[in-house]
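Enquirer: Provided below: data.cif, containing mmCIF, C-alpha atoms and all ligand atoms.
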```cif
data_entry
loop_
_atom_site.label_atom_id
_atom_site.label_comp_id
_atom_site.auth_asym_id
_atom_site.auth_seq_id
_atom_site.Cartn_x
_atom_site.Cartn_y
_atom_site.Cartn_z
CA MET A 1 30.77 15.58 2.89
CA LEU A 2 33.68 13.14 2.41
CA PRO A 3 37.33 14.14 2.89
CA GLU A 4 39.25 14.37 -0.37
CA THR A 5 42.21 12.56 1.14
CA SER A 6 42.90 8.93 0.28
CA HIS A 7 42.85 7.90 3.95
CA TYR A 8 39.96 8.72 6.28
CA TRP A 9 37.50 7.32 8.81
CA LEU A 10 33.72 7.35 8.74
CA ARG A 11 32.41 7.14 12.28
CA ASN A 12 29.07 5.98 13.64
CA ALA A 13 27.49 4.65 10.47
CA HIS A 14 24.40 2.44 10.73
CA ILE A 15 24.98 -0.69 8.64
CA PRO A 16 22.52 -3.60 8.44
CA ALA A 17 24.22 -6.62 10.07
CA CYS A 18 23.43 -8.78 7.03
CA LEU A 19 25.39 -6.42 4.75
CA LEU A 20 28.60 -6.51 6.77
CA GLY A 21 31.37 -8.56 5.18
CA VAL A 22 32.74 -9.22 8.67
CA GLU A 23 31.19 -11.13 11.57
CA PRO A 24 28.35 -8.90 12.83
CA TRP A 25 28.52 -7.85 16.44
CA ARG A 26 26.15 -6.91 19.22
CA PRO A 27 24.60 -4.70 20.32
CA GLN A 28 22.46 -4.00 17.26
CA THR A 29 19.37 -1.87 17.02
CA SER A 30 16.01 -3.65 17.06
CA GLU A 31 16.10 -3.31 13.24
CA GLY A 32 19.43 -5.17 13.03
CA LEU A 33 21.61 -2.10 12.40
CA CYS A 34 25.21 -2.16 13.62
CA LEU A 35 26.87 1.10 14.68
CA THR A 36 30.12 0.98 12.73
CA ASP A 37 33.38 2.83 12.20
CA LEU A 38 34.88 2.40 8.73
CA GLU A 39 38.47 3.08 7.77
CA ILE A 40 38.97 3.83 4.08
CA GLU A 41 42.39 3.94 2.48
CA ASP A 42 43.49 4.05 -1.17
CA GLY A 43 39.96 3.44 -2.40
CA GLN A 44 39.42 0.32 -0.27
CA PHE A 45 37.76 -0.53 3.00
CA ARG A 46 40.57 -1.18 5.42
CA ARG A 47 38.66 -1.90 8.62
CA LEU A 48 35.01 -2.13 9.68
CA LEU A 49 34.76 -2.09 13.46
CA PRO A 50 32.16 -1.66 16.16
CA ALA A 51 31.88 2.10 16.77
CA GLY A 52 34.19 3.45 19.45
CA GLN A 53 36.77 0.64 19.40
CA VAL A 54 39.45 2.93 18.00
CA SER A 55 40.12 6.14 19.88
CA TRP A 56 39.32 9.38 18.08
CA ASP A 57 42.44 10.92 19.56
CA GLY A 58 45.81 10.48 18.01
CA LEU A 59 44.55 9.59 14.52
CA ASP A 60 46.41 11.56 11.88
CA CYS A 61 43.74 11.34 9.18
CA PRO A 62 40.35 13.06 8.76
CA GLN A 63 37.29 11.63 10.44
CA VAL A 64 33.62 12.27 9.70
CA ASP A 65 30.93 11.60 12.27
CA LEU A 66 27.96 10.21 10.32
CA ARG A 67 25.64 10.29 13.35
CA LYS A 68 23.95 7.00 12.48
CA LYS A 69 23.38 7.66 8.80
CA ILE A 70 22.80 4.37 6.96
CA ILE A 71 25.39 2.87 4.61
CA PHE A 72 24.53 0.17 2.05
CA PRO A 73 26.77 -1.59 -0.44
CA PRO A 74 25.85 -0.76 -4.08
CA PHE A 75 22.57 -2.12 -5.42
CA ILE A 76 22.60 -5.18 -7.67
CA ASP A 77 19.71 -5.18 -10.16
CA ILE A 78 19.31 -8.74 -11.41
CA HIS A 79 16.24 -8.42 -13.64
CA THR A 80 15.75 -5.54 -16.08
CA HIS A 81 14.73 -4.96 -19.70
CA LEU A 82 16.96 -2.10 -20.80
CA ASP A 83 16.10 -2.72 -24.45
CA LYS A 84 12.45 -1.81 -23.93
CA GLY A 85 13.12 1.04 -21.54
CA HIS A 86 11.80 4.58 -21.79
CA ILE A 87 9.60 4.14 -24.87
CA TRP A 88 6.45 5.07 -22.97
CA GLY A 89 6.18 8.50 -24.62
CA ARG A 90 5.92 7.01 -28.11
CA SER A 91 4.39 3.63 -27.26
CA PRO A 92 2.20 3.73 -24.17
CA ASN A 93 0.24 0.67 -23.08
CA PRO A 94 -3.33 1.30 -24.30
CA ASP A 95 -5.08 -0.36 -21.35
CA GLY A 96 -2.42 -1.37 -18.80
CA THR A 97 -2.77 -5.11 -19.45
CA PHE A 98 -0.12 -7.74 -20.15
CA GLU A 99 -1.62 -8.36 -23.61
CA GLY A 100 -1.64 -4.61 -24.30
CA ALA A 101 2.04 -4.49 -23.35
CA LEU A 102 3.03 -7.39 -25.62
CA GLU A 103 1.21 -5.95 -28.62
CA THR A 104 2.52 -2.41 -28.07
CA VAL A 105 6.14 -3.56 -27.80
CA TYR A 106 5.69 -5.64 -30.95
CA GLN A 107 4.53 -2.55 -32.84
CA ASP A 108 7.23 -0.35 -31.37
CA VAL A 109 9.88 -2.79 -32.59
CA ALA A 110 8.35 -2.80 -36.09
CA ARG A 111 8.39 1.01 -36.27
CA TYR A 112 11.50 2.12 -34.44
CA TYR A 113 13.90 -0.78 -33.84
CA GLY A 114 17.52 -0.05 -34.64
CA ALA A 115 20.98 -0.07 -33.11
CA GLU A 116 21.16 3.66 -32.34
CA ASP A 117 17.71 3.81 -30.79
CA LEU A 118 18.57 0.79 -28.68
CA TYR A 119 22.00 1.98 -27.59
CA ARG A 120 20.83 5.40 -26.48
CA ARG A 121 17.83 4.15 -24.51
CA MET A 122 19.83 1.36 -22.86
CA ALA A 123 22.59 3.83 -21.92
CA PHE A 124 19.91 6.16 -20.51
CA GLY A 125 18.64 3.33 -18.30
CA LEU A 126 22.17 2.50 -17.19
CA GLN A 127 22.83 6.13 -16.30
CA CYS A 128 19.72 6.16 -14.09
CA SER A 129 20.86 2.95 -12.46
CA LEU A 130 24.39 4.24 -11.89
CA ALA A 131 23.25 7.54 -10.41
CA HIS A 132 21.00 5.72 -7.93
CA GLY A 133 23.93 3.55 -6.79
CA THR A 134 23.81 0.27 -8.75
CA ALA A 135 27.08 -1.54 -9.48
CA ALA A 136 25.90 -4.62 -11.41
CA LEU A 137 22.89 -5.22 -13.58
CA ARG A 138 21.44 -8.07 -15.60
CA THR A 139 19.23 -7.27 -18.57
CA HIS A 140 16.99 -9.46 -20.67
CA ILE A 141 17.13 -8.67 -24.38
CA ASP A 142 14.44 -9.63 -26.89
CA ALA A 143 16.22 -12.08 -29.15
CA PHE A 144 14.01 -13.49 -31.90
CA GLY A 145 15.91 -13.65 -35.21
CA GLN A 146 17.61 -10.47 -36.30
CA GLN A 147 16.44 -8.62 -33.22
CA GLY A 148 18.72 -10.81 -31.17
CA GLU A 149 21.68 -10.11 -33.41
CA ILE A 150 21.27 -6.34 -33.20
CA GLY A 151 20.33 -6.47 -29.53
CA PHE A 152 23.41 -8.40 -28.49
CA GLU A 153 25.72 -6.35 -30.72
CA VAL A 154 24.50 -3.25 -28.91
CA PHE A 155 24.71 -5.01 -25.56
CA THR A 156 28.32 -6.05 -26.22
CA GLN A 157 29.24 -2.49 -27.15
CA LEU A 158 27.55 -1.15 -24.01
CA ARG A 159 29.27 -3.72 -21.82
CA ARG A 160 32.60 -2.54 -23.21
CA ASP A 161 31.78 1.17 -22.91
CA TRP A 162 30.49 0.81 -19.36
CA ALA A 163 33.09 -1.68 -18.07
CA GLU A 164 34.59 0.81 -15.59
CA ARG A 165 31.22 1.80 -14.18
CA MET A 166 28.88 -1.20 -14.17
CA ILE A 167 29.10 -4.98 -14.44
CA LEU A 168 26.59 -6.08 -17.07
CA GLN A 169 25.10 -9.51 -17.74
CA GLY A 170 22.89 -10.26 -20.74
CA VAL A 171 20.07 -12.80 -21.01
CA CYS A 172 18.33 -13.64 -24.29
CA LEU A 173 14.55 -13.41 -24.17
CA VAL A 174 12.41 -15.57 -26.47
CA SER A 175 9.45 -17.83 -25.84
CA VAL A 176 10.94 -21.19 -24.89
CA ASP A 177 9.49 -23.02 -27.94
CA TYR A 178 12.03 -21.05 -30.01
CA TYR A 179 14.78 -23.34 -28.70
CA GLN A 180 13.17 -26.22 -30.57
CA THR A 181 14.08 -24.50 -33.86
CA PRO A 182 17.50 -24.26 -35.57
CA ASP A 183 17.51 -20.49 -34.92
CA GLY A 184 16.95 -21.17 -31.24
CA ILE A 185 19.95 -23.49 -31.11
CA LYS A 186 22.01 -20.84 -32.87
CA LEU A 187 20.91 -18.36 -30.22
CA ALA A 188 22.12 -20.72 -27.47
CA ASP A 189 25.50 -20.94 -29.24
CA ARG A 190 25.61 -17.17 -29.43
CA MET A 191 24.93 -16.81 -25.71
CA ALA A 192 27.73 -19.29 -24.98
CA ALA A 193 30.13 -17.25 -27.12
CA LEU A 194 29.08 -14.03 -25.37
CA GLY A 195 29.30 -15.42 -21.86
CA GLY A 196 25.60 -14.72 -21.39
CA VAL A 197 22.70 -16.47 -19.71
CA LEU A 198 20.09 -18.58 -21.48
CA GLY A 199 16.69 -17.03 -20.95
CA GLY A 200 13.12 -17.15 -22.09
CA VAL A 201 9.50 -16.91 -21.14
CA ALA A 202 7.65 -20.14 -20.46
CA TYR A 203 3.87 -20.43 -20.54
CA GLN A 204 1.75 -23.32 -19.30
CA ASN A 205 0.95 -25.41 -22.38
CA PRO A 206 0.81 -29.10 -23.38
CA GLN A 207 4.34 -29.00 -24.87
CA LEU A 208 5.90 -27.33 -21.83
CA LYS A 209 7.89 -30.36 -20.68
CA ALA A 210 9.51 -30.83 -24.09
CA GLN A 211 10.27 -27.11 -24.33
CA LEU A 212 11.86 -26.93 -20.90
CA THR A 213 13.80 -30.13 -21.53
CA GLN A 214 15.31 -28.53 -24.61
CA VAL A 215 16.21 -25.33 -22.71
CA LEU A 216 17.98 -27.29 -19.95
CA THR A 217 19.71 -29.57 -22.47
CA LEU A 218 21.08 -26.64 -24.50
CA ALA A 219 22.18 -24.89 -21.32
CA GLN A 220 23.78 -28.01 -19.84
CA GLU A 221 25.73 -28.76 -23.04
CA ARG A 222 27.05 -25.18 -23.17
CA ARG A 223 27.52 -24.75 -19.41
CA LEU A 224 25.12 -21.83 -19.37
CA ASP A 225 23.05 -20.59 -16.47
CA VAL A 226 19.31 -20.23 -17.05
CA ASP A 227 17.04 -17.29 -16.27
CA LEU A 228 13.36 -17.76 -17.10
CA HIS A 229 10.20 -15.70 -16.84
CA ALA A 230 7.75 -18.13 -15.25
CA ASP A 231 4.13 -17.96 -14.14
CA GLU A 232 3.71 -14.21 -14.61
CA THR A 233 -0.03 -14.58 -14.31
CA GLY A 234 -2.86 -14.83 -11.83
CA ASP A 235 -3.99 -18.15 -13.31
CA PRO A 236 -3.79 -20.81 -10.56
CA ASP A 237 -3.34 -23.53 -13.20
CA SER A 238 0.00 -22.05 -14.28
CA ARG A 239 2.67 -24.36 -12.79
CA VAL A 240 5.75 -23.71 -14.91
CA LEU A 241 7.94 -23.29 -11.82
CA TYR A 242 6.92 -26.72 -10.51
CA GLN A 243 7.49 -28.45 -13.84
CA LEU A 244 10.88 -26.83 -14.20
CA ALA A 245 11.87 -27.86 -10.67
CA LEU A 246 10.94 -31.50 -11.33
CA LEU A 247 12.78 -31.51 -14.63
CA ALA A 248 15.94 -29.90 -13.29
CA GLN A 249 16.16 -32.69 -10.70
CA GLU A 250 15.37 -35.39 -13.23
CA MET A 251 18.09 -34.11 -15.56
CA ASN A 252 20.60 -33.42 -12.77
CA PHE A 253 21.00 -29.92 -14.11
CA THR A 254 24.18 -28.43 -12.67
CA GLY A 255 24.02 -24.74 -13.69
CA LYS A 256 22.17 -22.01 -11.84
CA ILE A 257 18.47 -21.50 -12.52
CA LEU A 258 16.77 -18.22 -11.70
CA CYS A 259 13.01 -17.83 -12.14
CA GLY A 260 11.38 -14.43 -12.38
CA HIS A 261 7.85 -13.46 -11.26
CA CYS A 262 6.23 -16.77 -10.14
CA CYS A 263 3.05 -14.78 -9.46
CA SER A 264 0.61 -17.69 -9.75
CA LEU A 265 2.14 -19.26 -6.63
CA SER A 266 0.25 -16.72 -4.55
CA VAL A 267 -3.16 -17.73 -5.94
CA GLN A 268 -2.62 -21.47 -5.45
CA THR A 269 -3.64 -23.64 -2.49
CA PRO A 270 -1.26 -24.25 0.43
CA GLU A 271 -0.86 -27.88 -0.75
CA VAL A 272 0.21 -26.79 -4.24
CA VAL A 273 2.55 -24.18 -2.78
CA ARG A 274 4.13 -26.79 -0.51
CA GLU A 275 4.60 -29.21 -3.39
CA THR A 276 6.13 -26.54 -5.62
CA LEU A 277 8.47 -25.00 -3.06
CA THR A 278 9.68 -28.42 -1.88
CA ALA A 279 10.64 -29.21 -5.48
CA VAL A 280 12.16 -25.75 -6.02
CA LYS A 281 14.31 -26.14 -2.94
CA ALA A 282 15.44 -29.61 -3.97
CA ALA A 283 16.30 -28.39 -7.47
CA GLY A 284 18.32 -25.44 -6.15
CA ILE A 285 16.23 -22.95 -8.13
CA GLN A 286 16.43 -19.30 -7.09
CA ILE A 287 13.66 -16.73 -7.46
CA VAL A 288 13.47 -13.04 -8.30
CA SER A 289 10.28 -11.12 -7.59
CA LEU A 290 9.39 -7.98 -9.54
CA PRO A 291 6.80 -6.32 -7.30
CA MET A 292 6.38 -2.97 -9.08
CA CYS A 293 5.70 -4.53 -12.47
CA ASN A 294 3.40 -7.13 -10.89
CA LEU A 295 1.43 -4.47 -9.06
CA TYR A 296 0.94 -2.68 -12.39
CA LEU A 297 0.01 -5.60 -14.66
CA GLN A 298 -1.60 -8.23 -12.44
CA ASP A 299 -5.28 -8.18 -11.47
CA ARG A 300 -6.01 -5.37 -13.91
CA ARG A 301 -9.55 -5.25 -15.22
CA SER A 302 -11.04 -2.28 -16.97
CA GLN A 303 -12.88 0.05 -14.59
CA GLU A 304 -12.47 -2.34 -11.66
CA THR A 305 -10.48 -1.96 -8.50
CA PRO A 306 -7.56 -4.42 -8.20
CA VAL A 307 -7.62 -6.49 -5.01
CA TRP A 308 -4.51 -8.65 -5.50
CA ARG A 309 -1.01 -7.24 -5.16
CA GLY A 310 0.37 -9.56 -7.81
CA VAL A 311 3.57 -10.61 -6.05
CA THR A 312 4.65 -14.16 -5.40
CA ARG A 313 4.75 -15.72 -1.92
CA VAL A 314 8.02 -14.16 -0.87
CA HIS A 315 7.73 -15.03 2.82
CA GLU A 316 6.98 -18.69 2.15
CA ILE A 317 9.79 -18.88 -0.43
CA ARG A 318 12.20 -17.64 2.17
CA GLU A 319 10.87 -20.03 4.79
CA TYR A 320 11.82 -22.88 2.48
CA GLY A 321 15.37 -21.54 2.31
CA VAL A 322 15.08 -20.63 -1.36
CA PRO A 323 17.19 -17.56 -2.25
CA LEU A 324 14.97 -14.64 -3.20
CA ALA A 325 15.86 -11.29 -4.75
CA PHE A 326 13.82 -8.26 -5.75
CA ALA A 327 14.58 -6.29 -8.91
CA SER A 328 13.27 -3.42 -10.96
CA ASP A 329 12.15 -5.15 -14.19
CA ASN A 330 10.67 -2.87 -16.86
CA CYS A 331 11.10 0.87 -16.76
CA ARG A 332 8.79 3.41 -18.44
CA ASP A 333 7.62 1.02 -21.10
CA PRO A 334 4.32 -0.77 -21.86
CA PHE A 335 4.99 -3.42 -19.18
CA TYR A 336 5.49 -0.81 -16.49
CA ALA A 337 4.68 2.84 -17.00
CA PHE A 338 6.98 4.12 -14.25
CA GLY A 339 10.32 3.41 -12.61
CA ASP A 340 13.86 4.72 -12.71
CA HIS A 341 16.04 1.67 -11.98
CA ASP A 342 16.43 2.77 -8.37
CA GLY A 343 17.31 -0.13 -6.06
CA LEU A 344 16.00 1.79 -3.08
CA GLU A 345 12.63 2.32 -4.71
CA VAL A 346 12.49 -1.42 -5.45
CA LEU A 347 13.21 -2.23 -1.81
CA THR A 348 10.85 0.43 -0.45
CA GLN A 349 7.98 -0.73 -2.65
CA SER A 350 8.72 -4.38 -1.85
CA VAL A 351 8.62 -3.62 1.87
CA ARG A 352 5.22 -1.99 1.51
CA ILE A 353 3.68 -4.40 -1.00
CA ALA A 354 4.89 -7.62 0.63
CA HIS A 355 4.97 -6.57 4.31
CA LEU A 356 8.70 -7.00 4.80
CA ASP A 357 8.66 -4.83 7.90
CA HIS A 358 7.66 -6.92 10.92
CA PRO A 359 10.52 -7.54 11.25
CA TYR A 360 12.72 -5.93 8.59
CA ASP A 361 15.06 -8.83 9.25
CA ASP A 362 17.61 -9.18 6.42
CA TRP A 363 15.26 -8.22 3.56
CA CYS A 364 17.64 -5.43 2.50
CA ALA A 365 19.96 -8.23 1.30
CA SER A 366 17.40 -8.99 -1.42
CA VAL A 367 18.54 -6.01 -3.52
CA THR A 368 22.24 -6.29 -2.62
CA ARG A 369 23.89 -9.42 -1.23
CA THR A 370 21.48 -12.05 -2.55
CA PRO A 371 21.37 -10.89 -6.21
CA ALA A 372 25.16 -10.41 -6.09
CA GLU A 373 25.54 -14.08 -5.13
CA MET A 374 23.04 -15.09 -7.79
CA MET A 375 25.07 -13.21 -10.42
CA GLY A 376 28.29 -14.90 -9.29
CA LEU A 377 29.63 -11.66 -7.79
CA PRO A 378 29.74 -12.48 -4.06
CA HIS A 379 32.34 -9.79 -3.33
CA LEU A 380 29.70 -7.19 -4.23
CA GLY A 381 26.55 -6.74 -2.21
CA ARG A 382 28.31 -6.44 1.15
CA LEU A 383 30.89 -4.19 2.79
CA THR A 384 34.14 -6.08 3.22
CA PRO A 385 37.67 -5.07 4.31
CA GLY A 386 40.11 -5.34 1.42
CA GLN A 387 37.40 -4.70 -1.17
CA PRO A 388 36.82 -1.44 -3.08
CA ALA A 389 35.13 1.23 -0.94
CA ASP A 390 31.96 1.32 -3.06
CA PHE A 391 28.88 2.23 -1.06
CA ILE A 392 25.78 4.39 -0.75
CA LEU A 393 25.41 6.84 2.13
CA PHE A 394 21.81 7.79 2.93
CA PRO A 395 20.69 10.74 5.05
CA ALA A 396 18.29 8.35 6.87
CA ARG A 397 19.31 6.77 10.20
CA TYR A 398 16.62 4.08 10.63
CA PHE A 399 14.52 2.01 8.23
CA SER A 400 11.39 4.07 8.76
CA GLU A 401 13.33 7.16 7.72
CA LEU A 402 14.95 5.29 4.82
CA PHE A 403 11.64 4.10 3.38
CA SER A 404 9.69 7.31 3.93
CA ARG A 405 11.63 9.67 1.66
CA PRO A 406 13.10 8.95 -1.78
CA GLN A 407 16.63 9.67 -0.42
CA SER A 408 17.38 11.65 -3.56
CA ASP A 409 20.19 13.31 -1.64
CA ARG A 410 22.01 10.02 -1.06
CA LEU A 411 25.73 9.98 -1.77
CA VAL A 412 26.96 7.29 -4.15
CA VAL A 413 30.62 6.51 -3.46
CA ARG A 414 33.06 4.57 -5.60
CA ARG A 415 36.61 3.78 -4.54
CA GLY A 416 36.18 6.01 -1.53
CA GLN A 417 35.20 9.14 -3.46
CA PRO A 418 31.80 10.57 -4.49
CA LEU A 419 30.67 9.34 -7.88
CA GLN A 420 30.10 12.13 -10.35
CA ALA A 421 26.97 10.76 -11.99
CA ALA A 422 23.74 12.69 -12.35
CA LEU A 423 20.38 11.34 -13.45
CA PRO A 424 19.99 11.87 -17.20
CA ASP A 425 17.52 14.50 -18.39
CA TYR A 426 14.42 13.06 -20.08
CA SER A 427 14.82 15.54 -22.95
CA GLU A 428 17.99 13.67 -24.03
CA LEU A 429 15.73 11.11 -25.69
CA ASP A 430 13.19 13.52 -27.17
CA ASP A 431 14.27 12.99 -30.78
CA LEU A 432 13.75 9.22 -30.36
CA ILE A 433 10.60 9.29 -28.30
CA TYR A 434 8.77 12.19 -29.90
CA PRO A 435 9.80 11.95 -33.56
CA GLN A 436 7.26 14.64 -34.42
CA ALA A 437 7.80 18.05 -32.90
CA ILE A 438 6.73 17.70 -29.33
CA ASP A 439 4.14 20.49 -29.58
CA ASN A 440 2.32 18.57 -32.33
CA PHE A 441 2.45 15.37 -30.36
CA PHE A 442 -0.07 16.32 -27.71
CA HIS A 443 -3.59 17.30 -28.59
ZN ZN B 501 11.06 -9.36 -17.00
#
```
Would you kindly transcribe this structure into structure tokens?

Expert:
Amino acid sequence: MLPETSHYWLRNAHIPACLLGVEPWRPQTSEGLCLTDLEIEDGQFRRLLPAGQVSWDGLDCPQVDLRKKIIFPPFIDIHTHLDKGHIWGRSPNPDGTFEGALETVYQDVARYYGAEDLYRRMAFGLQCSLAHGTAALRTHIDAFGQQGEIGFEVFTQLRRDWAERMILQGVCLVSVDYYQTPDGIKLADRMAALGGVLGGVAYQNPQLKAQLTQVLTLAQERRLDVDLHADETGDPDSRVLYQLALLAQEMNFTGKILCGHCCSLSVQTPEVVRETLTAVKAAGIQIVSLPMCNLYLQDRRSQETPVWRGVTRVHEIREYGVPLAFASDNCRDPFYAFGDHDGLEVLTQSVRIAHLDHPYDDWCASVTRTPAEMMGLPHLGRLTPGQPADFILFPARYFSELFSRPQSDRLVVRRGQPLQAALPDYSELDDLIYPQAIDNFFH
């Protein structure tokens, strides 16, 4: 499909205007796609131009007519849990609830936790992510006590082993009250030494203000960014996001704060939403929504039909000018039984769940450009002359085509050449996931 030479042109690609690293031009399609010619030389984008500006004749390098096929920059997956990934076969969620997930993961850790198990499952998740076209990924890692030590040793090894293929960021995951203990302070020191992000899950409770104050204090002292799980519930009384936004302003917090989930915002009154989002905007907090996991866990009651989609108010968040990303979250574990770390699946599902289609506008930036900026990697997430020619070429020409098929035949390109990365085979993990002979496992 692509010439093997180091210098070639791709003609007539459809690129969303918001993903161009040059000033977008008109005309565009009604979906905001720009017909583009791309010159690629020595593994970099040399020029991105409106189609037809350069004559086809007289060029002495190969040209490929893409006939409107869509090109995206690589996906950026800003919220995952690689350490829990792919344990579903040995530790399925018994009833599909959040509580069932917490308890099952707790038991899985007690039975199976170890560096080799962790490394192989995390690498499996990364391989999925890479094959689907992701270039940078942030993972939360459970970090209570010794688990944090092993988890971040493995993470550091993975970051080294994968340095050529994927940019990795690590976030420690504990309940935020842990930071009020000496071990919690040690964990913050460890994250500073690792160049990580200070994370945690915050629940509505009478001590919340003191807990969040401690998180922001530790982060501020160590110049760490913060990434919290907040309001992952359908309880309208859960207002962690609001409290955090007030506190960040009060403390003049200067690092970045990213909040994941924020589900309860969508079951609160318009007045509460206005109050919260005004404070969030003023505090400079950014939000990541995890629609697939929310659809699975939220509004689940035994033998009853769910009526709530579980996602936060993504349209309103955007109206307030608050940066919003979508990400994959858990993958084949008790918090989410499915998934494959595919940025396109995340976007497709988000479009359908949250009605991001009338218009499509620049929502495709929410799995590319926006999370890249949030991760401090603004050169990724858009297609820019002078930058490495890393991109994904889909067979689809318009958004309806893009979101209707899984695009399994997409071409992932790095430095101008096809990436040789296949999805890993599930059987690679059989000895970890089915410790008994597989035939005995099912009955
Ligand atoms: Zn999460």

Enquirer: Residues of chain A that approach ligand ZN 501 (chain B) to 8 Å or less, counting only C-alpha atoms and all ligand atoms: could you list each one with the shortest pair of atoms and its distance in Å to one decimal, rows by chain and increasing residue number, as a tab-separated table?

Expert:
```
residue	atom	partner	partner_atom	distance
A:His79	CA	B:ZN501	ZN	6.2
A:Thr80	CA	B:ZN501	ZN	6.1
A:His81	CA	B:ZN501	ZN	6.3
A:His140	CA	B:ZN501	ZN	7.0
A:His229	CA	B:ZN501	ZN	6.4
A:Gly260	CA	B:ZN501	ZN	6.9
A:His261	CA	B:ZN501	ZN	7.7
A:Leu290	CA	B:ZN501	ZN	7.8
A:Asp329	CA	B:ZN501	ZN	5.2
A:Asn330	CA	B:ZN501	ZN	6.5
```

Enquirer: Record the distance separating CA of Leu158 (chain A) and CA of Gly125 (chain A), expressed in Å with one decimal.

Expert: 11.5 Å

Enquirer: Contacts of Leu224 (chain A) at 10 Å or less, counting all atoms listed in the file, minus same-chain residues fewer than 6 places along, as a PyMOL selection string?

Expert: chain A and resi 188-189+191-192+195-199+216-218+254-257

Enquirer: Which of these residues is nearest to Val346 (chain A), using only C-alpha atoms: A:Gly52, A:Pro92, A:Pro406, A:Pro291?

Expert: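 Checking each of A:Gly52, A:Pro92, A:Pro406, A:Pro291 against Val346 (chain A), counting only C-alpha atoms, the winner is A:Pro291.
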
Enquirer: Between A:Gln286, A:Gln157, A:Ser30, A:Ser129, which residue has the minimum interatomic distance to Thr370 (chain A), considering only C-alpha atoms?

Expert: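 Of all the options, A:Gln286 lies closest to Thr370 (chain A).
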
Enquirer: Taking 3 positions as the minimum chain separation for residues in the same chain, which residues sit within 10 Å of Val311 (chain A) when counting all atoms listed in the file? Answer as a list in words.

Expert: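 Everything that qualifies: Glu232, Thr233, Gly234, His261, Cys262, Cys263, Ser264, Leu265, Ser266, Val267, Ser289, Leu290, Pro291, Met292, Cys293, Asn294, Leu295, Gln298, Trp308, Val314, Ser350, Ile353 and Ala354 of chain A.
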
Enquirer: Quick one: pull the distance between CA of Pro236 (chain A) and CA of Glu271 (chain A), Å, one decimal.

Expert: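 Separation of CA of Pro236 (chain A) and CA of Glu271 (chain A): 12.4 Å.
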
Enquirer: Around (37.5, 8.5, 17.0), as given in the file, which residues come within 12 Å? Count all atoms listed in the file and list them as a ChimeraX atom specification.

Expert: /A:8-12,36-39,49-66

Enquirer: For each of A:Ile287, A:Leu244, A:Ala135, A:Ala389, take the minimum atom-to-atom distance to Arg318 (chain A), counting all atoms listed in the file, then give the residue where this is smallest.

Expert: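 Distance minimum relative to Arg318 (chain A) lands on A:Ile287.
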
Enquirer: Between A:Leu137, A:Ala365, A:Ala248, A:Val272, single out the one closest to Leu324 (chain A), counting all atoms listed in the file.

Expert: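 Closest residue, counting all atoms listed in the file: A:Ala365.
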
Enquirer: Around (25.2, -13.6, -9.9), as given in the file, which residues come within 12 Å? Count only C-alpha atoms and list them as a ChimeraX atom specification.

Expert: /A:76-79,136-138,167-170,196-197,225-227,255-258,286,288,323,325,367-381

Enquirer: For the atom pair CA of Leu423 (chain A) and CA of Leu126 (chain A), what is the interatomic distance in Å to one decimal place?

Expert: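 Between CA of Leu423 (chain A) and CA of Leu126 (chain A) the gap is 9.8 Å.
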
Enquirer: Write out as a ChimeraX atom specification the residues lying within 10 Å of Phe335 (chain A), counting all atoms listed in the file and excluding same-chain residues fewer than 6 positions away.

Expert: /A:81,84-85,88,92-93,96-102,104-105,293-294,296-297,329

Enquirer: With 4 Å of padding per side, what axis-aligned box (centre and edge lengths, Å, one decimal) covers all the listed atoms of region 389-406 of chain A? Give it as AutoDock Vina command-line options.

Expert:
```
--center_x 22.4 --center_y 6.0 --center_z 3.8 --size_x 33.4 --size_y 17.5 --size_z 21.7
```

Enquirer: For Glu153 (chain A), which of A:Pro206, A:Ala115, A:Leu130, A:Met122 is the closest residue, counting all atoms listed in the file?

Expert: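 Ranking A:Pro206, A:Ala115, A:Leu130, A:Met122 by distance to Glu153 (chain A), first place goes to A:Ala115.
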
Enquirer: As a count of residues only, please: the residues near Pro182 (chain A) (cut-off 12 Å, only C-alpha atoms, same-chain neighbours under 4 positions excluded).

Expert: 10
